[in-house]
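Peer 1: The structure's right below; bear with me while I get my questions together.
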Amino acid sequence: MVDVPVLAVEGVQKSYGGVVVLHPTSFSVAAGHVTALAGENGAGKSTVLKIISGQVRPDQGLVSVNGVPLTSSDPKSARRLGVAIVPQELAPYPDLTVYENIFVGREIHTRLGLLDRGAMIKQAREMLEVFELDIDPRWPMSRLSVALTQIVEIAKATTWGAKVLLLDEPTSAIPDHEVGRLYDVIRHLREQGVAMIYTTHRMAEIQELADSVIVLRDGELVFESGIEDASEGTIVHAMVGRDMDALFPEQAMSTGPVRLQVKDLQLGRTCPCVCMEVKQGEILGIGGLVGAGRTEIMEAMYGVRRSYSGTILLDGTPVRRNHADSSIRAGFSFVPEDRKGAGLVLERSVLDNGSLPHLRAFTIAGWIRTFARRAAVDKATKSVNLKSRGLNQLVGTLSGGNQQKVVVARWLTQDGRVLLLDEPTRGVDVGARGEIYTIIRDLAASGISVVFISSDMTELIGLSHRVLVARAGEIVGELDREALDRPDAQEQIFRLASGQTLDADEAQAS
Ligand SMILES: Nc1ncnc2c1ncn2[C@@H]1O[C@H](COP(=O)(O)OP(=O)(O)OP(=O)(O)O)[C@@H](O)[C@H]1O
Ligand SMILES: [Mg+2]
């Protein structure tokens with residue numbers, strides 16, 4: 001294929017309030033070419049993609065598609081040039097249906113000018129079929145998990161014939177083993193000559209998908225290369241500016257007596273029973289596919305989702321079911337999957353957000369102990385390596401990964417007995433991931449029981465003492481540390497998660 005640059009980015013630059021977040025940057029992407037855009041949280045990746053898609057106006061520089069410049073910075077003009085984006089921060093309309101979300105802004109009309117719902121539903125169904133997902137386009141969007149929402153966004157952006165497709169962490173919420181469908185779609189678009197830019201914090205994805213890589217560090221393009229000359233180590237080195245230590249800290253094997261017991265927890269009258277036990281100081285991972293019900297189980301354990309029956313015991317004492325307040329008092333903390341749902345208040349500062357759930361701890365007779373609060377939040381945000389302009393920066397203006405770090409930093413300022421985490425490192429860069437793993441290990445070593453949901457196999461296998469696998473709302477398997485250390489651990493988890501049994505000949509062999 002001839003290398004025709006479809007997309008050209010020339011000298012684009014951006015500052016906010018006098019702080020440069022993107023130095024003059026130039027690169028181009030050819031037809032049928034996938035460029036991975038790597039960099040730590042806050043490096044400027046989303047800023048570049050927002051400039052190309054017309055959502056952010058650059059202070060200087062030019063973006064053009066097939067030689068035609070983007071003259072005004074607005075999404076419509078970019079779209080007219082053929083630019084589509086799957087944004088990092090999904091913003092679906094939860095009250096509209098799935099098909100209405102897909103067709104928002106480009107509704108299909110009948111000849112009489114009425115909305116042609118039938119046609120839209122039919123087309124939406126075809127778009128979703130590409131991803132082999134059992135979603136009815138007439139469902140309300142609010143019924144979908146973060147992962148399914150992400151897939152709907154991808155379907156929406158990939159099916160209208162764009163020439164340039166920008167994917168800003170499209171797979172952050174999708175489990176590793178389901179990402180394959182997206183890969184197929186991307187390969188198909190590559191054959192059709194679409195130029196693509198892909199950002200991700202999963203290094204394996206870059207090797208799998210990209211033809212070339214560019215790396216941003218502190219808003220500067222520091223590395224550009226074909227994929228054949230860019231090993232994972234090289235890319236990470238370019239991102240963080242040094243060699244990385246081992247991602248997973250040494251594991252303390254000694255765990256204490258049973259701390260948390262979940263007995264016959266049923267989410268609904270006809271739902272399967274969920275049972276689990278977690279020891280003091282144990283890190284229990286939960287794996288599974290999209291829609292396996294992991295989040296629902298965790299929410300029910302914490303009490304923010306109503307369960308139908310069951311018993312939850314903490315150090316032998318029953319905890320009131322369906323009462324998050326009681327759980328918190330008993331020593332539970334919960335970090336939910338969805339940042340915005342997690343109660344991040346985007347128009348408030350890092351300081352406010354970082355201390356919100358524990359405000360009581362910093363209050364004496366109605367007065368907030370300003371100094372103690374500042375010190376605690378400062379320490380917590382430093383330990384997750386938060387990149388901000390200080391504790392007064394508004395959370396809404398942090399990069400996506402840094403918002404996630406604020407969510408994680410919150411529970412570092414308190415102590416408890418059980419820590420529940422739903423996808424704690426979603427969208428977090430490799431460097432900070434390592435920091436978060438160390439913190440989780442340290443908390444566990446201090447006796448806290450940790451239960452975490454993850455779609456990242458490496459993380460599940462690297463961090464857990466034990467892994468449970470969920471399918472259709474049920475725990476269908478368990479791997480202890482010994483099983484996790486075997487080379488086929490990933491395969492085993494996948495088999496359990498997808499309900500596949502061993503191949504006949506393999507079964508014979510074993
Ligand atoms: N509206 C804004 N006002 C002020 N600063 C902003 C604004 N938008 C982005 N920034 C800053 O620009 C920098 C780059 O952010 P950007 O979102 O491009 O990072 P990123 O590389 O996409 O990171 P991540 O991996 O976390 O998504 C960050 O320091 C961020 O705080
Ligand atoms: Mg980003």
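By order of appearance in the structure tokens: chains A, B, ..., then residues from 1 within every chain, and ligands from 1 in the order shown.
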What does the list of residues within 8 Å of ligand 2 look like if you count only C-alpha atoms and all ligand atoms, written as a ChimeraX atom specification?
Peer 2: /A:41-42,44-47,88,168-169,199,399-401
Peer 1: Taking only C-alpha atoms and all ligand atoms into account, list the residues no farther than 10 Å from ligand 1, as number ranges by chain.
Peer 2: A: 14-22, 37-51, 56, 88-89, 168-169, 199-201, 215-219, 386-389, 393-405, 427-430
Peer 1: May I have all residues of segment 331-464 of chain A that DSSP, computed from the backbone, assigns to alpha helix (DSSP H), given as an MDAnalysis selection string?
Peer 2: chainID A and resid 350:355 370:383 400:410 430:445 457:463
Peer 1: Between atom CA of Glu296 of chain A and atom CA of Val152 of chain A, what is the distance in Å, rounded to a tenth?
Peer 2: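 Atom-to-atom, atom CA of Glu296 of chain A and atom CA of Val152 of chain A are spaced 20.6 Å apart.
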Peer 1: If we count only C-alpha atoms and set the cut-off at 12 Å, which residues sit around Ala230 of chain A, ignoring sequence neighbours fewer than 3 positions away in its own chain? Please answer as a PyMOL selection string.
Peer 2: chain A and resi 36+38+203-204+206-207+210-215+223-227+233-238
Peer 1: Using only C-alpha atoms, can you tell me which of A:Pro137, A:Gly354, A:Pro487, A:Gly82 comes closest to Ala380 of chain A?
Peer 2: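 That would be A:Gly354, the residue with the smallest distance to Ala380 of chain A.
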Peer 1: So that I can see what lies close to Ala91 of chain A, please list as a VMD selection string the residues with an atom at most 10 Å from it, counting only C-alpha atoms and leaving out residues fewer than 4 positions away in the same chain.
Peer 2: chain A and resid 87 101 149 to 150 153
Peer 1: Write a file of the just-selected residues containing N, CA, C and O atoms, as an mmCIF file, in the first residue's frame.
Peer 2:
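See again-v1.cif below for the written result:
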data_model
loop_
_atom_site.group_PDB
_atom_site.id
_atom_site.type_symbol
_atom_site.label_atom_id
_atom_site.label_comp_id
_atom_site.auth_asym_id
_atom_site.auth_seq_id
_atom_site.Cartn_x
_atom_site.Cartn_y
_atom_site.Cartn_z
ATOM 1 N N PRO A 87 -14.694 8.867 22.275
ATOM 2 C CA PRO A 87 -14.036 9.644 23.315
ATOM 3 C C PRO A 87 -13.725 8.813 24.557
ATOM 4 O O PRO A 87 -14.335 7.775 24.795
ATOM 5 N N ASN A 101 -29.305 6.762 20.900
ATOM 6 C CA ASN A 101 -27.939 7.189 21.182
ATOM 7 C C ASN A 101 -27.055 7.037 19.955
ATOM 8 O O ASN A 101 -26.221 7.895 19.666
ATOM 9 N N THR A 149 -21.554 0.175 27.077
ATOM 10 C CA THR A 149 -21.668 1.543 26.579
ATOM 11 C C THR A 149 -20.497 1.848 25.656
ATOM 12 O O THR A 149 -20.644 2.453 24.594
ATOM 13 N N GLN A 150 -19.328 1.402 26.083
ATOM 14 C CA GLN A 150 -18.130 1.635 25.284
ATOM 15 C C GLN A 150 -18.278 0.954 23.912
ATOM 16 O O GLN A 150 -17.954 1.544 22.888
ATOM 17 N N GLU A 153 -20.534 2.916 21.700
ATOM 18 C CA GLU A 153 -19.817 4.082 21.169
ATOM 19 C C GLU A 153 -18.913 3.683 20.003
ATOM 20 O O GLU A 153 -18.786 4.403 19.019
#
Peer 1: As a list in words, please: the residues near Gln192 of chain A (cut-off 12 Å, only C-alpha atoms, same-chain neighbours under 5 positions excluded).
Peer 2: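 Using only C-alpha atoms, the neighbours found are Met1, Ala31, Gly32, His33, Thr158, Thr159, Gly161, Ala162, Lys163, Val164, Val185, Ile186 and Arg187 of chain A.
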Peer 1: Determine the nearest neighbour of Ile439 of chain A from the options A:Ile283, A:Leu460, A:Met298, A:Leu484, counting only C-alpha atoms.
Peer 2: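 Nearest candidate to Ile439 of chain A out of A:Ile283, A:Leu460, A:Met298, A:Leu484: A:Ile283.
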Peer 1: What does the distance between atom CA of Ile52 of chain A and atom CA of Ala173 of chain A come to in Å, to one decimal place?
Peer 2: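 Atom-to-atom, atom CA of Ile52 of chain A to atom CA of Ala173 of chain A, that is 23.8 Å.
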Peer 1: I need the residues in segment 243-467 of chain A that are strand (DSSP E) according to DSSP; give them as a PyMOL selection string.
Peer 2: chain A and resi 258-266+274-279+283-288+309-314+317-318+332-335+363-364+367-368+418-422+449-453+466-467
Peer 1: How about saving the chosen residues, C-alpha atoms kept, as an mmCIF file, in the first residue's frame?
Peer 2:
data_model
loop_
_atom_site.group_PDB
_atom_site.id
_atom_site.type_symbol
_atom_site.label_atom_id
_atom_site.label_comp_id
_atom_site.auth_asym_id
_atom_site.auth_seq_id
_atom_site.Cartn_x
_atom_site.Cartn_y
_atom_site.Cartn_z
ATOM 1 C CA VAL A 258 -11.502 -15.496 57.760
ATOM 2 C CA ARG A 259 -12.678 -11.902 57.900
ATOM 3 C CA LEU A 260 -15.514 -11.585 55.402
ATOM 4 C CA GLN A 261 -18.118 -14.250 54.776
ATOM 5 C CA VAL A 262 -20.762 -13.889 52.107
ATOM 6 C CA LYS A 263 -23.332 -16.662 52.396
ATOM 7 C CA ASP A 264 -26.009 -17.463 49.810
ATOM 8 C CA LEU A 265 -26.287 -13.891 48.605
ATOM 9 C CA GLN A 266 -29.101 -13.718 46.047
ATOM 10 C CA VAL A 274 -23.176 -16.287 45.652
ATOM 11 C CA CYS A 275 -20.858 -17.427 48.422
ATOM 12 C CA MET A 276 -17.328 -16.306 49.214
ATOM 13 C CA GLU A 277 -14.886 -16.066 52.085
ATOM 14 C CA VAL A 278 -12.019 -13.637 52.325
ATOM 15 C CA LYS A 279 -9.275 -13.862 54.901
ATOM 16 C CA ILE A 283 -6.305 -10.091 48.034
ATOM 17 C CA LEU A 284 -9.120 -11.793 46.174
ATOM 18 C CA GLY A 285 -9.514 -11.070 42.456
ATOM 19 C CA ILE A 286 -12.754 -11.526 40.532
ATOM 20 C CA GLY A 287 -12.567 -12.157 36.805
ATOM 21 C CA GLY A 288 -15.270 -12.645 34.183
ATOM 22 C CA SER A 309 -31.549 -12.762 50.561
ATOM 23 C CA GLY A 310 -28.274 -13.856 52.099
ATOM 24 C CA THR A 311 -25.967 -13.190 55.007
ATOM 25 C CA ILE A 312 -22.828 -11.092 55.224
ATOM 26 C CA LEU A 313 -20.556 -11.589 58.222
ATOM 27 C CA LEU A 314 -17.604 -9.432 59.134
ATOM 28 C CA THR A 317 -20.730 -10.407 63.154
ATOM 29 C CA PRO A 318 -23.640 -9.972 60.708
ATOM 30 C CA PHE A 332 -16.221 -1.531 54.355
ATOM 31 C CA SER A 333 -14.933 0.819 51.700
ATOM 32 C CA PHE A 334 -15.945 0.637 48.057
ATOM 33 C CA VAL A 335 -14.378 2.134 44.949
ATOM 34 C CA THR A 363 -14.365 18.138 61.263
ATOM 35 C CA ILE A 364 -14.466 19.259 64.870
ATOM 36 C CA TRP A 367 -15.199 23.347 61.707
ATOM 37 C CA ILE A 368 -13.118 21.662 59.096
ATOM 38 C CA VAL A 418 -12.658 -4.678 53.874
ATOM 39 C CA LEU A 419 -11.812 -2.860 50.703
ATOM 40 C CA LEU A 420 -13.939 -3.481 47.602
ATOM 41 C CA LEU A 421 -12.517 -2.231 44.306
ATOM 42 C CA ASP A 422 -14.221 -2.347 40.926
ATOM 43 C CA SER A 449 -9.133 -7.840 53.157
ATOM 44 C CA VAL A 450 -9.216 -6.727 49.557
ATOM 45 C CA VAL A 451 -11.700 -7.866 46.911
ATOM 46 C CA PHE A 452 -11.151 -6.450 43.455
ATOM 47 C CA ILE A 453 -12.798 -6.862 40.077
ATOM 48 C CA ARG A 466 -6.764 -16.172 44.803
ATOM 49 C CA VAL A 467 -9.075 -15.546 41.842
#
Peer 1: Just give me the gap between atom CA of Ser28 of chain A and atom CA of Ser53 of chain A in Å, one decimal is fine.
Peer 2: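 Pair atom CA of Ser28 of chain A / atom CA of Ser53 of chain A returns 14.6 Å.
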Peer 1: Contacts of Val83 of chain A at 10 Å or less, counting only C-alpha atoms, minus same-chain residues fewer than 3 places along, as a list of chain:residue names?
Peer 2: A:Leu7, A:Ile52, A:Ser53, A:Gly54, A:Val65, A:Pro75, A:Lys76, A:Ser77, A:Ala78, A:Arg79, A:Arg80, A:Ala157, A:Gly161, A:Ala162, A:Lys163, A:Val164, A:Leu165, A:Leu166, A:Val194, A:Ala195, A:Met196
Peer 1: Got a sec: who's within 10 Å of Arg181 of chain A, counting only C-alpha atoms, leaving out chain neighbours fewer than 3 positions off, as a ChimeraX atom specification?
Peer 2: /A:130-132,151,177-178,184-187
Peer 1: Looking at only C-alpha atoms, which of A:Ala489, A:Leu96, A:Leu391, A:Leu209 is the one that sits closest to Leu144 of chain A?
Peer 2: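 Among the listed residues, A:Leu96 lies closest to Leu144 of chain A.
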